[in-house]
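So the structure is just underneath, and the comments pick up after that.
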Amino acid sequence: MILNKAAILVKCDHCGEDCLENPLKSENKSFCCDGCKMVYELLQENDLCTYYDLEKSPGFKIKTKQKEHFAYLENEEIAEKLLNFNEGNLASITFYIPKIHCSSCIWLLENLYKIQPGIISSRINFLRKETDISFRKDKISLRKIAEILDSLGYTPEISLDSHNKKKSGKADLSLFYKLGITGFCASNIMMLSFPEYLGMDAFQEPEFKRLFSYLNLVLSLPVVFYGASGYFLSALSGIKNKVLNLDIPIALGTSAVFLRSVFEVISQTGSGYFDSLSGLIFFLLIGKWIQTKVYKQFSFERDYQSYFPISVTVLTDKEQAIPIKNLKINDLILVRNQEIIPADSLLIEGEARIDYSFVTGESAPVTKRDGELIYAGGRQTGCAIKLKVQKEVCNSYLLQLWNKQIFTKENDAYLSSFVLLFSRYFVWGTLAIAMATFVFWSFIDPSKVIFAVTSVLLVACPCALALSLPFALGNCLRYLGRNGLFLKNADTIEKLSQIDTIVFDKTGTLTVAGSSKISYQGEKLSEVELQLVKSVVAHSTHPLSIDLYKHIQQEILPTTRFSEIPGKGIIASIGKYQILSGSLELLGLAGNKSINPSCVHIQINGEYKGYFEIKNCYKENIENTLNDLGKNFELHLLSGDNNKEQTHLKNYFQSSRMLFSQSPTSKLAYIEKLKSEGKNVLMLGDGLNDAGALKAAHVGLSVSDDVYSFSPACDGILEGKQLINIKSFLNYSKTGIQTIKLSLALSLIYNAVGLFFAVKGELSPVIAAVLMPLSSVSIVLFVVALTGYFGARLNR
C-alpha cells in the first residue's frame, strides 16, 4: 500500500516538492499548496511563464509572512533610511534576497515591472544576492514591493543595521566548528585503527575488532553528516535545479566510501575505510579554509574602488580639485554643468536642475531650491551650483550606477564565456571518467574500485580553471587603477587586449586644458564684457572653457540662464545681457569665411565681438607616444576644430585618417564605420562631446586632467598625464589575458596527470583531497603573482 501511494505522488510544478495529498490543479499543472498555485497564476496572468522554461520547478514552497510583518515600511523615517534614492515621485531601494539561486530567479526578479507597473526596473547582483529596484511612489509603496517579493517566495531580509554595519562572519565560525569536530573524530578514528595498521595480535580478537569497527562507525557519523554537510546540501541543490556543480563528485565519492565502510562493518567482512574517509573530509575542510583565507587576502573590490579617479572642486579659500574619496561631511563643493553629484548634499547656492537618469533612467530634470537635498548620482544641467556634503562618498554606489544596463555594451568577453562553459561540462566529463574507472576496476580488481573511483571524483577540479579568470583580471584592475587607468569592469581588460585601432579626440585629449596660449582678435572687450565671458565659461567643463576661465582675471557675475550645446558652445543670460560663446555655427555665422572657425567666438546681445584664438599646448612626450603607438596600431584623429594644425599632426597620423570640424554625431558615425570594417576600436576622448563615440567603440576611455568629468558612456577613465603610457596599459592587458591562458593550460595539465594516476589506482583519496584545494590555491597565487609582477613594472 505504501509503495502504491509513493508511486502516485506528483511533484509540485512550482517548487518541486511532493504533493502529499490531492494536488491543487490549474490548467493541467499540479501544486502542493495555495501559495504555489497563486504564484503560477500570477505569472501566467502577466505572461511570465518563461520562468518555468529556464529551470524545472525553480520556485520555493510559499510560506508568506502576515501582511502586518511589512507594515513598518510605511513609516517615512524608516523608509528614508532604507532608500538609496527618494526624489519627487521616484525612489530606489536595494533588497537582500538570500533565495536567489538560479537563472530563473534572475529572470523573474528582473521582470517585476510586468507584474506591477509601478516598478520601473529591477536589477540583480547574483553574487551578493541583491536586487536594486526603482519604482514610482504614486503607484506602489515600499511595503507593497516587499509583500510582492514575499508572495513570490523571495522574502527580502530587511535590517536597518545592515545599512550601517558589515555582515558578521558566522560562516567562518561554522567552518571552524566543522574543522574542530572533524579533526577530533578523525584523530580518534586514526588511533583506533593503529592496532590494525601495526598488525597487533590483540586486534585479531573478534571482540576487539568488532568494538573498534563500531566505534569508528559512530565517530564517522558527525564527520559525514556535519563536517561534510555543506558538500551534500550543495550537491542536492544542484541536482534539484539540474545543475552539475563541483560538489556533486565530492558528495558521490564520500558517499561511496561511507556506504561501503558501513556495509563492511555491519556484515563483518572488513573494518571499512573510516580513517581514510575522516581524513579526506578533514583535508577538504582545511583546503576550504585555506582557499577562504587566500581569496580574502586577494579580494580586489575594496582596493579597486579606492582608485576611482573622480575628483570634485572643493571651495575653501580658493577652488581646489580633490579626489572624491577625500571628500568629508560638511565640505563645500562646486558642481558645474554636466558634472555628477558625488555624495548626498544640500543645495547652498545656485539654480539646480538635476538630471537623475544616471540613477533612475528618467531624464527629465528636477529643479531644486536652496536648502533642499540632492542625491548622489544626479547630474547638474545648467549653471554651476554650490553644495554642502551631507553623507560620505560611496564609491561602490557610483560604480553600481555606472554598471547599470543602460550603460552596458554587448559583451564580447569570449574568454570569460569559454571558461564558464568549460567548467560547466567539466563535471560531466569527470563523472564519465569515474564511471569508466568503476567498470574497468570491477573486472580487473574489485578491491580497488572504491579507492580509484573516489580519487577520480576528488582529484579532477575545475576550481583553478574557474578562479584564475576573476583573480587575474581583478589584480589587473587594481594595478591599472593604481597607475591612472580606472576601468568600469573586468571584461574591459579582455576587450583592451584585442584592440588594433586607436581613435583620438584632439582638444582635451592630446592637448592640456589650462595650458594653452590665448590671444584675442576683434573689438576690444570692456571690463564688464570680460566679466560676462568669464562668468559664462565658469559653468562649463569643456577644455576650451577651462582655458578661458583661467586666462581671464576678472571676477565672475551670477548667471541667470545657462545652456551648453555639445559640439557648439554656450548660451547664457546675465542680467540684461545675453551671451553666446562657442562656434560660428552657434552664432549663426557659419558662412562667414573671413572669421577663423577654430576659435571661441563671442557674441553679446546679438552683436559679434570677436574671438579668442587658443593655441593648443600638447601633452608632454605625446609625439613619442604617437610614434610608438603607430608601430603596432592603426591611429585615427577626430577633432571638432578646423584643420589648422593638420601640417603638424600629419607626422603622426595619415591624412586619410584625420578628420576635422567633426560634430558629436559625425564622430559616432566614423566609429561605427571602423567597426563595420572589422576593426577593434579604442576611442580616447574628453567625455563631453565624445559621449556617443565613447559608447559606440569597443572600448571608450575618457581622458581627464585637473577636474575629472565622469561620463557613464565610457568604459574607463584615464588620467590625462598617463596618456603617454597607453601602450603600456594595452600591453599589460594582453599580459593579463596570456597569464589566464597559461593558468588554464596548467590547470588542464594538473587534471590530466591527476586523473591518469587516479584511474590507474595509484592515487589515494586522501592525497586527492589534499591536492584539490592546493592546486586551486597555487594557480590563484601564480596568476596573482605574475599579474602583480608585470603590474608593478607599469610606467617604469
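Chain labels A, B, ... are given in the sequence in which chains occur in the C-alpha cells; within each chain residues are numbered consecutively from 1, and ligands are likewise numbered from 1 in the order shown.
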
Taking 5 positions as the minimum chain separation for residues in the same chain, which residues sit within 9 Å of Asp331 of chain A when counting only C-alpha atoms? Answer as a VMD selection string.
chain A and resid 314 to 316 387 to 390

With N, CA, C and O atoms kept, could you save the residues just selected as a PDB file, in the first residue's frame?
ATOM      1  N   VAL A 314      36.427  71.529  -4.468  1.00  0.00           N
ATOM      2  CA  VAL A 314      36.096  71.921  -3.099  1.00  0.00           C
ATOM      3  C   VAL A 314      36.373  73.412  -2.940  1.00  0.00           C
ATOM      4  O   VAL A 314      37.384  73.927  -3.426  1.00  0.00           O
ATOM      5  N   LEU A 315      35.463  74.097  -2.256  1.00  0.00           N
ATOM      6  CA  LEU A 315      35.596  75.529  -2.043  1.00  0.00           C
ATOM      7  C   LEU A 315      36.134  75.783  -0.637  1.00  0.00           C
ATOM      8  O   LEU A 315      35.465  75.528   0.357  1.00  0.00           O
ATOM      9  N   THR A 316      37.375  76.265  -0.559  1.00  0.00           N
ATOM     10  CA  THR A 316      37.948  76.693   0.719  1.00  0.00           C
ATOM     11  C   THR A 316      38.274  78.175   0.555  1.00  0.00           C
ATOM     12  O   THR A 316      37.381  78.964   0.294  1.00  0.00           O
ATOM     13  N   LEU A 387      27.261  73.212  -3.139  1.00  0.00           N
ATOM     14  CA  LEU A 387      26.593  72.203  -2.323  1.00  0.00           C
ATOM     15  C   LEU A 387      27.362  71.971  -1.034  1.00  0.00           C
ATOM     16  O   LEU A 387      28.580  72.178  -0.975  1.00  0.00           O
ATOM     17  N   LYS A 388      26.637  71.494  -0.003  1.00  0.00           N
ATOM     18  CA  LYS A 388      27.258  71.116   1.265  1.00  0.00           C
ATOM     19  C   LYS A 388      27.047  69.623   1.470  1.00  0.00           C
ATOM     20  O   LYS A 388      25.917  69.141   1.512  1.00  0.00           O
ATOM     21  N   VAL A 389      28.145  68.885   1.570  1.00  0.00           N
ATOM     22  CA  VAL A 389      28.091  67.421   1.630  1.00  0.00           C
ATOM     23  C   VAL A 389      27.423  66.967   2.928  1.00  0.00           C
ATOM     24  O   VAL A 389      27.776  67.430   4.018  1.00  0.00           O
ATOM     25  N   GLN A 390      26.470  66.028   2.799  1.00  0.00           N
ATOM     26  CA  GLN A 390      25.726  65.512   3.954  1.00  0.00           C
ATOM     27  C   GLN A 390      26.080  64.072   4.306  1.00  0.00           C
ATOM     28  O   GLN A 390      25.895  63.632   5.438  1.00  0.00           O
TER      29      GLN A 390
END

Check which residues of segment 657-766 of chain A sit at most 8 Å from segment 621-635 of chain A using only C-alpha atoms, and return one row each with the closest pair of atoms and their distance in Å to one decimal, ordered by chain and rising number, as JSON lines.
{"residue": "A:Arg657", "atom": "CA", "partner": "A:Leu635", "partner_atom": "CA", "distance": 7.3}
{"residue": "A:Leu723", "atom": "CA", "partner": "A:Ile622", "partner_atom": "CA", "distance": 7.9}
{"residue": "A:Ile724", "atom": "CA", "partner": "A:Thr625", "partner_atom": "CA", "distance": 5.4}
{"residue": "A:Asn725", "atom": "CA", "partner": "A:Thr625", "partner_atom": "CA", "distance": 7.6}
{"residue": "A:Lys727", "atom": "CA", "partner": "A:Leu629", "partner_atom": "CA", "distance": 6.5}

Could those residues be written to a file, using N, CA and C atoms, as a PDB file, in the first residue's frame?
ATOM      1  N   ARG A 657      43.317  59.570 -42.333  1.00  0.00           N
ATOM      2  CA  ARG A 657      42.786  59.162 -41.026  1.00  0.00           C
ATOM      3  C   ARG A 657      42.636  60.348 -40.077  1.00  0.00           C
ATOM      4  N   LEU A 723      48.311  59.451 -20.345  1.00  0.00           N
ATOM      5  CA  LEU A 723      48.056  59.116 -21.750  1.00  0.00           C
ATOM      6  C   LEU A 723      49.327  58.600 -22.426  1.00  0.00           C
ATOM      7  N   ILE A 724      50.472  59.110 -22.020  1.00  0.00           N
ATOM      8  CA  ILE A 724      51.729  58.684 -22.643  1.00  0.00           C
ATOM      9  C   ILE A 724      52.028  57.210 -22.343  1.00  0.00           C
ATOM     10  N   ASN A 725      51.332  56.637 -21.379  1.00  0.00           N
ATOM     11  CA  ASN A 725      51.566  55.234 -21.016  1.00  0.00           C
ATOM     12  C   ASN A 725      50.483  54.306 -21.560  1.00  0.00           C
ATOM     13  N   LYS A 727      50.202  52.684 -24.295  1.00  0.00           N
ATOM     14  CA  LYS A 727      50.710  51.446 -24.890  1.00  0.00           C
ATOM     15  C   LYS A 727      51.071  50.437 -23.803  1.00  0.00           C
TER      16      LYS A 727
END

Contact table segment 631-685 of chain A vs segment 573-592 of chain A, cut-off 12 Å, shortest pair per residue, only C-alpha atoms, as JSON lines:
{"residue": "A:Gly640", "atom": "CA", "partner": "A:Ser583", "partner_atom": "CA", "distance": 9.8}
{"residue": "A:Asp641", "atom": "CA", "partner": "A:Ser583", "partner_atom": "CA", "distance": 9.3}
{"residue": "A:Asn642", "atom": "CA", "partner": "A:Ser583", "partner_atom": "CA", "distance": 10.9}
{"residue": "A:Ser661", "atom": "CA", "partner": "A:Ser583", "partner_atom": "CA", "distance": 10.3}
{"residue": "A:Ser663", "atom": "CA", "partner": "A:Glu585", "partner_atom": "CA", "distance": 11.1}

Preceding selection exported with all heavy atoms as a PDB file, in the first residue's frame:
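Dumped everything to result34.pdb:
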ATOM      1  N   GLY A 640      36.936  68.397 -33.355  1.00  0.00           N
ATOM      2  CA  GLY A 640      35.880  69.374 -33.614  1.00  0.00           C
ATOM      3  C   GLY A 640      36.434  70.677 -34.143  1.00  0.00           C
ATOM      4  O   GLY A 640      35.682  71.524 -34.619  1.00  0.00           O
ATOM      5  N   ASP A 641      37.772  70.856 -34.077  1.00  0.00           N
ATOM      6  CA  ASP A 641      38.408  72.076 -34.598  1.00  0.00           C
ATOM      7  C   ASP A 641      38.616  71.963 -36.110  1.00  0.00           C
ATOM      8  O   ASP A 641      38.392  70.909 -36.709  1.00  0.00           O
ATOM      9  CB  ASP A 641      39.753  72.293 -33.913  1.00  0.00           C
ATOM     10  CG  ASP A 641      39.592  72.582 -32.428  1.00  0.00           C
ATOM     11  OD1 ASP A 641      38.479  72.960 -32.022  1.00  0.00           O
ATOM     12  OD2 ASP A 641      40.570  72.396 -31.681  1.00  0.00           O
ATOM     13  N   ASN A 642      39.099  73.071 -36.702  1.00  0.00           N
ATOM     14  CA  ASN A 642      39.390  73.022 -38.135  1.00  0.00           C
ATOM     15  C   ASN A 642      40.749  72.372 -38.364  1.00  0.00           C
ATOM     16  O   ASN A 642      41.394  71.895 -37.431  1.00  0.00           O
ATOM     17  CB  ASN A 642      39.333  74.434 -38.744  1.00  0.00           C
ATOM     18  CG  ASN A 642      40.493  75.295 -38.257  1.00  0.00           C
ATOM     19  OD1 ASN A 642      41.241  74.929 -37.359  1.00  0.00           O
ATOM     20  ND2 ASN A 642      40.624  76.466 -38.863  1.00  0.00           N
ATOM     21  N   SER A 661      36.643  69.401 -37.913  1.00  0.00           N
ATOM     22  CA  SER A 661      35.294  70.004 -37.879  1.00  0.00           C
ATOM     23  C   SER A 661      34.223  68.931 -37.704  1.00  0.00           C
ATOM     24  O   SER A 661      33.164  68.973 -38.333  1.00  0.00           O
ATOM     25  CB  SER A 661      35.036  70.814 -39.163  1.00  0.00           C
ATOM     26  OG  SER A 661      36.018  71.815 -39.315  1.00  0.00           O
ATOM     27  N   SER A 663      31.357  66.928 -35.707  1.00  0.00           N
ATOM     28  CA  SER A 663      30.334  67.067 -34.667  1.00  0.00           C
ATOM     29  C   SER A 663      30.258  65.764 -33.873  1.00  0.00           C
ATOM     30  O   SER A 663      30.794  64.730 -34.303  1.00  0.00           O
ATOM     31  CB  SER A 663      28.977  67.358 -35.303  1.00  0.00           C
ATOM     32  OG  SER A 663      28.530  66.216 -36.043  1.00  0.00           O
TER      33      SER A 663
END

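Every protein, DNA or RNA residue with an atom at most 12 Å from Ile158 of chain A, where only C-alpha atoms count and chain neighbours fewer than 2 positions away do not, is listed here: His69, Phe70, Tyr72, Leu73, Ile78, Ala79, Lys81, Leu82, Leu83, Ile93, Thr94, Phe95, Tyr96, Ile97, Pro98, Glu130, Leu142, Arg143, Ala146, Asp150, Thr155, Pro156, Leu160, Asp161, Ser162 and His163 of chain A.
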
Quick one: which segment 663-768 of chain A residues come within 7 Å of segment 493-506 of chain A, and what is the nearest atom pair for each with the distance in Å to one decimal, counting only C-alpha atoms, rows ordered by chain and ascending number, as a tab-separated table?
residue	atom	partner	partner_atom	distance
A:Lys679	CA	A:Thr501	CA	6.3
A:Asn680	CA	A:Ile499	CA	4.9
A:Val681	CA	A:Thr501	CA	4.9
A:Leu682	CA	A:Ile502	CA	4.8
A:Met683	CA	A:Val503	CA	4.8
A:Leu684	CA	A:Phe504	CA	5.0
A:Gly685	CA	A:Asp505	CA	5.0
A:His698	CA	A:Lys495	CA	6.9
A:Val699	CA	A:Leu496	CA	6.8
A:Leu730	CA	A:Leu496	CA	6.1
A:Ser733	CA	A:Ser497	CA	5.1
A:Lys734	CA	A:Ser497	CA	4.5
A:Ile737	CA	A:Glu494	CA	6.6

Output file for the selection above: C-alpha atoms, as a PDB file, in the first residue's frame:
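Result file follows (result-v4.pdb):
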ATOM      1  CA  LYS A 679      38.374  46.910 -36.510  1.00  0.00           C
ATOM      2  CA  ASN A 680      38.614  46.560 -32.737  1.00  0.00           C
ATOM      3  CA  VAL A 681      38.383  50.226 -31.809  1.00  0.00           C
ATOM      4  CA  LEU A 682      39.645  52.118 -28.768  1.00  0.00           C
ATOM      5  CA  MET A 683      38.275  55.668 -28.523  1.00  0.00           C
ATOM      6  CA  LEU A 684      40.092  58.256 -26.403  1.00  0.00           C
ATOM      7  CA  GLY A 685      38.074  61.425 -25.776  1.00  0.00           C
ATOM      8  CA  HIS A 698      34.670  48.515 -28.352  1.00  0.00           C
ATOM      9  CA  VAL A 699      36.431  50.372 -25.529  1.00  0.00           C
ATOM     10  CA  LEU A 730      47.376  47.852 -23.650  1.00  0.00           C
ATOM     11  CA  SER A 733      46.014  43.874 -20.707  1.00  0.00           C
ATOM     12  CA  LYS A 734      47.444  41.372 -23.199  1.00  0.00           C
ATOM     13  CA  ILE A 737      44.944  37.524 -20.788  1.00  0.00           C
TER      14      ILE A 737
END

Would you please give, as an MDAnalysis selection string, all residues of segment 616-710 of chain A that DSSP assigns to strand (DSSP E) based on the backbone?
chainID A and resid 634:638 658:659 681:685 699:704

Go ahead and save the residues from that selection, with all heavy atoms, as a compact mmCIF listing (two decimals), in the first residue's frame.
# COMPACT_ATOMS: atom_id res chain seq x y z
N GLU A 634 46.69 51.06 -35.66
CA GLU A 634 46.22 51.98 -36.68
C GLU A 634 45.64 53.20 -35.96
O GLU A 634 44.70 53.07 -35.18
CB GLU A 634 45.15 51.30 -37.54
CG GLU A 634 44.67 52.12 -38.72
CD GLU A 634 43.66 51.35 -39.56
OE1 GLU A 634 44.04 50.29 -40.12
OE2 GLU A 634 42.50 51.81 -39.63
N LEU A 635 46.21 54.38 -36.22
CA LEU A 635 45.83 55.59 -35.49
C LEU A 635 44.93 56.49 -36.32
O LEU A 635 45.16 56.68 -37.53
CB LEU A 635 47.08 56.37 -35.06
CG LEU A 635 48.12 55.62 -34.23
CD1 LEU A 635 49.24 56.57 -33.80
CD2 LEU A 635 47.49 54.96 -33.01
N HIS A 636 43.91 57.06 -35.66
CA HIS A 636 42.97 57.98 -36.31
C HIS A 636 42.80 59.20 -35.41
O HIS A 636 42.94 59.11 -34.18
CB HIS A 636 41.62 57.32 -36.54
CG HIS A 636 41.65 56.14 -37.46
ND1 HIS A 636 41.17 56.18 -38.75
CD2 HIS A 636 42.11 54.88 -37.26
CE1 HIS A 636 41.33 54.98 -39.31
NE2 HIS A 636 41.91 54.19 -38.42
N LEU A 637 42.44 60.33 -36.00
CA LEU A 637 42.19 61.56 -35.25
C LEU A 637 40.83 62.13 -35.66
O LEU A 637 40.56 62.32 -36.84
CB LEU A 637 43.30 62.59 -35.52
CG LEU A 637 43.10 63.95 -34.83
CD1 LEU A 637 43.35 63.82 -33.33
CD2 LEU A 637 44.04 65.01 -35.43
N LEU A 638 40.00 62.43 -34.67
CA LEU A 638 38.72 63.10 -34.88
C LEU A 638 38.72 64.37 -34.05
O LEU A 638 38.87 64.32 -32.83
CB LEU A 638 37.54 62.22 -34.45
CG LEU A 638 37.37 60.88 -35.17
CD1 LEU A 638 36.21 60.11 -34.58
CD2 LEU A 638 37.15 61.11 -36.67
N MET A 658 42.69 61.57 -40.62
CA MET A 658 42.47 62.77 -39.81
C MET A 658 41.22 63.48 -40.31
O MET A 658 41.14 63.85 -41.48
CB MET A 658 43.68 63.70 -39.90
CG MET A 658 44.91 63.23 -39.15
SD MET A 658 46.19 64.51 -39.04
CE MET A 658 46.70 64.64 -40.75
N LEU A 659 40.25 63.64 -39.43
CA LEU A 659 39.02 64.34 -39.79
C LEU A 659 38.83 65.50 -38.85
O LEU A 659 38.93 65.34 -37.61
CB LEU A 659 37.81 63.40 -39.72
CG LEU A 659 37.61 62.46 -40.91
CD1 LEU A 659 38.56 61.28 -40.83
CD2 LEU A 659 36.17 61.96 -40.96
N VAL A 681 38.12 48.79 -31.95
CA VAL A 681 38.38 50.23 -31.81
C VAL A 681 38.45 50.66 -30.35
O VAL A 681 37.57 50.34 -29.54
CB VAL A 681 37.29 51.05 -32.53
CG1 VAL A 681 37.60 52.53 -32.44
CG2 VAL A 681 37.17 50.61 -33.98
N LEU A 682 39.52 51.41 -30.03
CA LEU A 682 39.65 52.12 -28.77
C LEU A 682 39.47 53.60 -29.05
O LEU A 682 40.18 54.17 -29.88
CB LEU A 682 41.03 51.87 -28.14
CG LEU A 682 41.43 52.78 -26.98
CD1 LEU A 682 40.49 52.60 -25.78
CD2 LEU A 682 42.88 52.53 -26.57
N MET A 683 38.52 54.23 -28.37
CA MET A 683 38.28 55.67 -28.52
C MET A 683 38.77 56.39 -27.28
O MET A 683 38.44 56.03 -26.15
CB MET A 683 36.77 55.94 -28.72
CG MET A 683 36.40 57.41 -28.73
SD MET A 683 37.01 58.27 -30.21
CE MET A 683 36.76 59.98 -29.75
N LEU A 684 39.59 57.42 -27.49
CA LEU A 684 40.09 58.26 -26.40
C LEU A 684 39.55 59.66 -26.59
O LEU A 684 39.88 60.34 -27.57
CB LEU A 684 41.62 58.28 -26.40
CG LEU A 684 42.30 56.94 -26.08
CD1 LEU A 684 43.75 56.95 -26.56
CD2 LEU A 684 42.25 56.67 -24.60
N GLY A 685 38.69 60.10 -25.66
CA GLY A 685 38.07 61.42 -25.78
C GLY A 685 37.96 62.09 -24.43
O GLY A 685 38.31 61.52 -23.39
N VAL A 699 36.04 49.83 -26.83
CA VAL A 699 36.43 50.37 -25.53
C VAL A 699 36.51 51.89 -25.66
O VAL A 699 37.16 52.40 -26.58
CB VAL A 699 37.80 49.83 -25.06
CG1 VAL A 699 38.18 50.46 -23.72
CG2 VAL A 699 37.78 48.32 -24.94
N GLY A 700 35.84 52.60 -24.77
CA GLY A 700 35.89 54.06 -24.76
C GLY A 700 36.50 54.53 -23.45
O GLY A 700 36.00 54.20 -22.38
N LEU A 701 37.58 55.30 -23.55
CA LEU A 701 38.25 55.82 -22.36
C LEU A 701 38.11 57.34 -22.33
O LEU A 701 38.44 58.02 -23.30
CB LEU A 701 39.73 55.44 -22.34
CG LEU A 701 40.06 53.94 -22.30
CD1 LEU A 701 41.57 53.74 -22.24
CD2 LEU A 701 39.38 53.25 -21.12
N SER A 702 37.63 57.85 -21.21
CA SER A 702 37.50 59.29 -21.03
C SER A 702 38.80 59.81 -20.43
O SER A 702 39.21 59.39 -19.35
CB SER A 702 36.33 59.60 -20.09
OG SER A 702 36.21 60.97 -19.87
N VAL A 703 39.49 60.72 -21.15
CA VAL A 703 40.77 61.26 -20.71
C VAL A 703 40.51 62.55 -19.94
O VAL A 703 39.88 63.47 -20.45
CB VAL A 703 41.70 61.53 -21.91
CG1 VAL A 703 43.04 62.06 -21.43
CG2 VAL A 703 41.88 60.27 -22.73
N SER A 704 40.97 62.60 -18.68
CA SER A 704 40.66 63.73 -17.81
C SER A 704 41.93 64.31 -17.22
O SER A 704 42.85 63.59 -16.85
CB SER A 704 39.74 63.28 -16.68
OG SER A 704 38.56 62.70 -17.20
